[in-house]
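Peer 1: Dropping in model_24.txt, which is compact mmCIF, C-alpha atoms:
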```txt
# COMPACT_ATOMS: atom_id res chain seq x y z
CA MET A 1 97.36 98.54 102.34
CA SER A 2 96.83 98.52 98.64
CA GLU A 3 99.43 96.46 96.87
CA ALA A 4 99.30 98.42 93.61
CA ASN A 5 103.04 98.99 93.70
CA SER A 6 105.97 97.50 95.54
CA LEU A 7 107.60 99.52 98.29
CA LYS A 8 110.65 99.89 96.05
CA SER A 9 108.62 101.45 93.23
CA VAL A 10 106.75 103.71 95.68
CA MET A 11 110.03 104.96 97.13
CA ALA A 12 111.43 105.56 93.64
CA GLN A 13 108.33 107.51 92.66
CA LEU A 14 108.53 109.61 95.85
CA ALA A 15 112.25 110.26 95.31
CA GLU A 16 111.55 111.51 91.79
CA ALA A 17 108.77 113.78 93.03
CA GLU A 18 111.03 115.12 95.78
CA LYS A 19 113.36 116.53 93.14
CA GLN A 20 110.54 118.88 92.13
CA ARG A 21 110.22 120.55 95.51
CA ALA A 22 112.27 121.42 98.56
CA GLU A 23 111.14 121.74 102.14
CA PRO A 24 112.80 124.86 103.55
CA ASP A 25 115.49 124.55 106.20
CA LEU A 26 115.92 120.81 105.69
CA THR A 27 118.77 118.95 104.08
CA SER A 28 118.07 116.51 101.29
CA ARG A 29 118.50 113.64 103.76
CA GLN A 30 116.08 115.22 106.24
CA ARG A 31 113.49 115.77 103.50
CA ARG A 32 113.83 112.13 102.45
CA ALA A 33 113.45 111.00 106.07
CA ARG A 34 110.21 112.99 106.35
CA THR A 35 108.91 111.49 103.11
CA VAL A 36 109.57 108.00 104.44
CA ALA A 37 107.96 108.98 107.77
CA ARG A 38 104.83 110.12 105.92
CA LEU A 39 104.65 106.87 103.96
CA ALA A 40 105.13 104.85 107.15
CA ALA A 41 102.48 106.94 108.95
CA VAL A 42 99.94 106.17 106.22
CA GLN A 43 100.85 102.48 106.49
CA ALA A 44 100.55 102.58 110.27
CA LEU A 45 97.17 104.33 110.21
CA TYR A 46 95.92 101.80 107.68
CA GLN A 47 97.24 98.93 109.80
CA MET A 48 95.61 100.33 112.93
CA GLU A 49 92.25 100.70 111.22
CA LEU A 50 92.19 97.22 109.71
CA GLY A 51 93.92 95.38 112.55
CA GLY A 52 92.39 97.21 115.48
CA GLN A 53 95.79 97.74 117.10
CA GLY A 54 96.45 100.67 119.42
CA VAL A 55 98.65 103.61 118.54
CA ASP A 56 101.46 102.75 120.96
CA THR A 57 101.63 99.17 119.73
CA VAL A 58 101.89 100.22 116.09
CA VAL A 59 104.38 103.07 116.71
CA ASP A 60 106.55 100.69 118.74
CA GLU A 61 106.33 98.03 116.00
CA PHE A 62 107.52 100.47 113.36
CA ASN A 63 110.26 101.95 115.56
CA ASN A 64 111.54 98.59 116.81
CA HIS A 65 111.13 96.41 113.75
CA ARG A 66 110.04 98.02 110.52
CA PHE A 67 112.40 100.97 110.23
CA ASP A 68 115.44 98.77 110.62
CA ALA A 69 114.12 95.74 108.77
CA ASP A 70 113.60 95.02 105.11
CA MET A 71 110.13 95.69 103.76
CA ASP A 72 109.56 94.41 100.28
CA GLY A 73 113.33 94.23 99.87
CA GLU A 74 113.93 97.82 100.96
CA PRO A 75 114.83 99.12 104.42
CA LEU A 76 112.90 102.04 105.90
CA ALA A 77 115.86 102.97 108.11
CA GLU A 78 116.01 106.56 106.91
CA ALA A 79 112.63 107.55 108.34
CA ASP A 80 112.28 110.51 110.66
CA GLU A 81 110.92 108.34 113.44
CA ALA A 82 109.89 111.28 115.62
CA TRP A 83 107.93 112.86 112.73
CA PHE A 84 106.30 109.49 112.02
CA ALA A 85 105.23 109.03 115.65
CA GLU A 86 103.97 112.61 115.87
CA ILE A 87 101.78 112.18 112.79
CA VAL A 88 100.33 108.85 113.91
CA ARG A 89 99.72 109.93 117.50
CA GLY A 90 98.38 113.30 116.35
CA VAL A 91 95.90 111.74 113.95
CA VAL A 92 94.65 109.34 116.61
CA ALA A 93 94.36 112.08 119.26
CA GLY A 94 92.59 114.51 116.93
CA GLN A 95 90.74 112.09 114.68
CA LYS A 96 87.26 113.50 115.31
CA ALA A 97 88.31 117.06 114.39
CA ILE A 98 90.44 115.81 111.49
CA ASP A 99 87.58 113.72 110.10
CA THR A 100 85.26 116.73 110.39
CA ALA A 101 87.78 118.87 108.49
CA VAL A 102 88.03 116.25 105.75
CA VAL A 103 84.28 115.59 105.53
CA THR A 104 83.58 119.28 104.94
CA ARG A 105 85.65 118.90 101.75
CA LEU A 106 83.88 115.79 100.48
CA ALA A 107 80.90 115.87 98.16
CA SER A 108 77.61 116.58 99.87
CA GLY A 109 76.29 113.51 101.63
CA TRP A 110 79.58 111.62 101.58
CA ARG A 111 80.87 110.10 104.78
CA ILE A 112 84.54 109.40 105.41
CA GLU A 113 83.67 105.73 105.99
CA ARG A 114 82.78 105.44 102.28
CA LEU A 115 86.39 106.08 101.32
CA ASP A 116 88.97 103.37 100.84
CA ALA A 117 90.96 102.78 104.06
CA THR A 118 94.20 103.87 102.38
CA LEU A 119 92.58 107.10 101.17
CA ARG A 120 91.30 107.75 104.69
CA ALA A 121 94.81 107.27 106.08
CA LEU A 122 96.29 109.61 103.45
CA LEU A 123 93.70 112.30 104.06
CA ARG A 124 93.91 112.05 107.84
CA ALA A 125 97.70 112.29 107.91
CA GLY A 126 97.75 115.16 105.43
CA ALA A 127 94.96 117.03 107.21
CA TRP A 128 96.74 116.61 110.54
CA GLU A 129 99.94 118.12 109.12
CA LEU A 130 98.06 121.00 107.52
CA ARG A 131 96.25 121.77 110.76
CA GLU A 132 99.05 121.16 113.26
CA LYS A 133 102.30 121.97 111.42
CA PRO A 134 101.94 125.50 110.02
CA GLU A 135 105.72 125.76 109.71
CA VAL A 136 105.63 123.18 106.91
CA PRO A 137 104.54 124.88 103.67
CA ARG A 138 101.10 123.76 102.54
CA GLU A 139 102.46 122.95 99.07
CA ILE A 140 104.93 120.47 100.56
CA VAL A 141 102.28 118.71 102.63
CA ILE A 142 99.81 118.51 99.76
CA ASP A 143 102.45 117.43 97.21
CA GLU A 144 103.78 114.69 99.48
CA TYR A 145 100.37 113.14 100.09
CA VAL A 146 99.35 113.51 96.45
CA GLU A 147 102.52 111.65 95.45
CA LEU A 148 101.70 108.94 97.98
CA ALA A 149 98.22 108.71 96.48
CA LYS A 150 99.74 108.38 93.00
CA ALA A 151 101.89 105.55 94.26
CA PHE A 152 98.87 103.54 95.38
CA PHE A 153 96.01 104.71 93.17
CA ASP A 154 95.08 106.02 89.76
CA ALA A 155 95.18 109.69 88.80
CA ALA A 156 91.55 110.22 89.84
CA GLU A 157 92.28 109.40 93.48
CA ALA A 158 95.41 111.57 93.45
CA LYS A 159 93.32 114.49 92.16
CA PHE A 160 90.76 113.78 94.85
CA VAL A 161 93.47 113.89 97.56
CA ASN A 162 94.82 117.11 96.07
CA ALA A 163 91.41 118.81 96.09
CA ALA A 164 90.45 117.60 99.56
CA LEU A 165 93.76 118.60 101.16
CA ASP A 166 93.77 121.92 99.36
CA GLY A 167 90.37 122.63 100.86
CA VAL A 168 91.52 121.54 104.33
CA ALA A 169 94.56 123.84 103.93
CA ARG A 170 92.36 126.81 103.04
CA ASP A 171 90.15 126.11 106.04
CA ALA A 172 93.05 125.58 108.44
CA ARG A 173 95.49 128.21 107.22
CA GLY A 174 93.33 130.76 105.47
```
What would the structure in this file look like if it were written as structure tokens?
Peer 2:
Amino acid sequence: MSEANSLKSVMAQLAEAEKQRAEPDLTSRQRRARTVARLAAVQALYQMELGGQGVDTVVDEFNNHRFDADMDGEPLAEADEAWFAEIVRGVVAGQKAIDTAVVTRLASGWRIERLDATLRALLRAGAWELREKPEVPREIVIDEYVELAKAFFDAAEAKFVNAALDGVARDARG
């Protein structure tokens, strides 16, 4: 995964962004756990793509080692592990349809393979949530993944993620 920022700075940036929005029916702690789950899901999808590991292996690794261990000096213990696993498994199971949904929102002639692996992971996870979790407000999903993009990339990539996921949301939710 891109090493633009340390995990500590990414988590601080996400915590600051979380103050700007609130996911309905969730406590502050539950919202934070979902944010961490989304970050971990992007990391897991990236790891799977580059390392060629299977979904069960990576989900088990995160559940058994990463969520309770220090990563870059910070524990990921507060992740919603079920949400994390659902995102990762959902993206893998529906990757063809998810990629199609994303590609329709890319510039003409662009293929998803042309994107940076981290961007692909962000877009796939966000698109999966937009398509499969209608109970989560589209603004929350898009904002979370845009903030993750900001943590790893420049503003241009964050705007790209915003536009692509907004398009996927319109297609999936009307």
Peer 1: A:Leu50, A:Ala149, A:Ala164, A:Thr57: which is nearest Ile112 (chain A), counting all atoms listed in the file?
Peer 2: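 Looking only at the distances to Ile112 (chain A), the closest residue turns out to be A:Ala164.
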Peer 1: Might you pull out every residue within 6 Å of region 42-48 of chain A, with all atoms listed in the file counted and same-chain residues fewer than 4 positions away left off, and present them as a list in words?
Peer 2: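 Here the qualifying residues turn out to be Gly52, Gln53, Thr118, Ala121 and Leu122 of chain A.
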Peer 1: Have a look at CA of Thr35 (chain A) and CA of Ala79 (chain A) and let me know their distance in Å, one decimal.
Peer 2: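 Straight-line distance from CA of Thr35 (chain A) to CA of Ala79 (chain A) works out to 7.5 Å.
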Peer 1: Quick one, how far is CA of Ala127 (chain A) from CA of Arg38 (chain A)?
Peer 2: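 Here the two named atoms are 12.1 Å from each other.
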Peer 1: What is the CA of Val102 (chain A) to CA of Arg31 (chain A) distance in Å?
Peer 2: 25.6 Å
Peer 1: Excluding Val141 (chain A) and its own-chain neighbours fewer than 4 positions away, which residues fall within 12 Å of it when counting only C-alpha atoms? Please give them as a CSV table (one decimal) with C-alpha atoms, in the frame of the given file.
Peer 2:
```csv
chain,number,residue,atom,x,y,z
A,18,GLU,CA,111.0,115.1,95.8
A,21,ARG,CA,110.2,120.6,95.5
A,22,ALA,CA,112.3,121.4,98.6
A,23,GLU,CA,111.1,121.7,102.1
A,31,ARG,CA,113.5,115.8,103.5
A,34,ARG,CA,110.2,113.0,106.4
A,35,THR,CA,108.9,111.5,103.1
A,38,ARG,CA,104.8,110.1,105.9
A,122,LEU,CA,96.3,109.6,103.4
A,123,LEU,CA,93.7,112.3,104.1
A,124,ARG,CA,93.9,112.0,107.8
A,125,ALA,CA,97.7,112.3,107.9
A,126,GLY,CA,97.8,115.2,105.4
A,127,ALA,CA,95.0,117.0,107.2
A,128,TRP,CA,96.7,116.6,110.5
A,129,GLU,CA,99.9,118.1,109.1
A,130,LEU,CA,98.1,121.0,107.5
A,131,ARG,CA,96.2,121.8,110.8
A,132,GLU,CA,99.0,121.2,113.3
A,133,LYS,CA,102.3,122.0,111.4
A,134,PRO,CA,101.9,125.5,110.0
A,135,GLU,CA,105.7,125.8,109.7
A,136,VAL,CA,105.6,123.2,106.9
A,137,PRO,CA,104.5,124.9,103.7
A,145,TYR,CA,100.4,113.1,100.1
A,146,VAL,CA,99.4,113.5,96.4
A,147,GLU,CA,102.5,111.6,95.4
A,148,LEU,CA,101.7,108.9,98.0
A,161,VAL,CA,93.5,113.9,97.6
A,162,ASN,CA,94.8,117.1,96.1
A,165,LEU,CA,93.8,118.6,101.2
A,166,ASP,CA,93.8,121.9,99.4
A,168,VAL,CA,91.5,121.5,104.3
A,169,ALA,CA,94.6,123.8,103.9
```
Peer 1: Considering only C-alpha atoms, can you say which of A:Phe160, A:Ser108, A:Ala155, A:Arg89 comes closest to Ile142 (chain A)?
Peer 2: A:Phe160
Peer 1: Of the candidates A:Ala158, A:Trp110, A:Asp56, A:Thr104, which shows the shortest atom-to-atom distance to Val88 (chain A), using all atoms listed in the file?
Peer 2: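 Comparing A:Ala158, A:Trp110, A:Asp56, A:Thr104 against Val88 (chain A), the winner is A:Asp56.
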Peer 1: Write out as number ranges by chain each polymer residue whose atoms come within 8 Å of Ala40 (chain A), counting only C-alpha atoms; drop sequence neighbours fewer than 4 positions from it.
Peer 2: A: 36, 44, 62, 84
Peer 1: Please produce an output containing C-alpha atoms for each residue in the selection, written as a PDB file, in the coordinates of the input.
Peer 2:
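Dumped everything to selection15.pdb:
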```
ATOM      1  CA  VAL A  36     109.570 108.000 104.440  1.00  0.00           C
ATOM      2  CA  ALA A  44     100.550 102.580 110.270  1.00  0.00           C
ATOM      3  CA  PHE A  62     107.520 100.470 113.360  1.00  0.00           C
ATOM      4  CA  PHE A  84     106.300 109.490 112.020  1.00  0.00           C
TER       5      PHE A  84
END
```
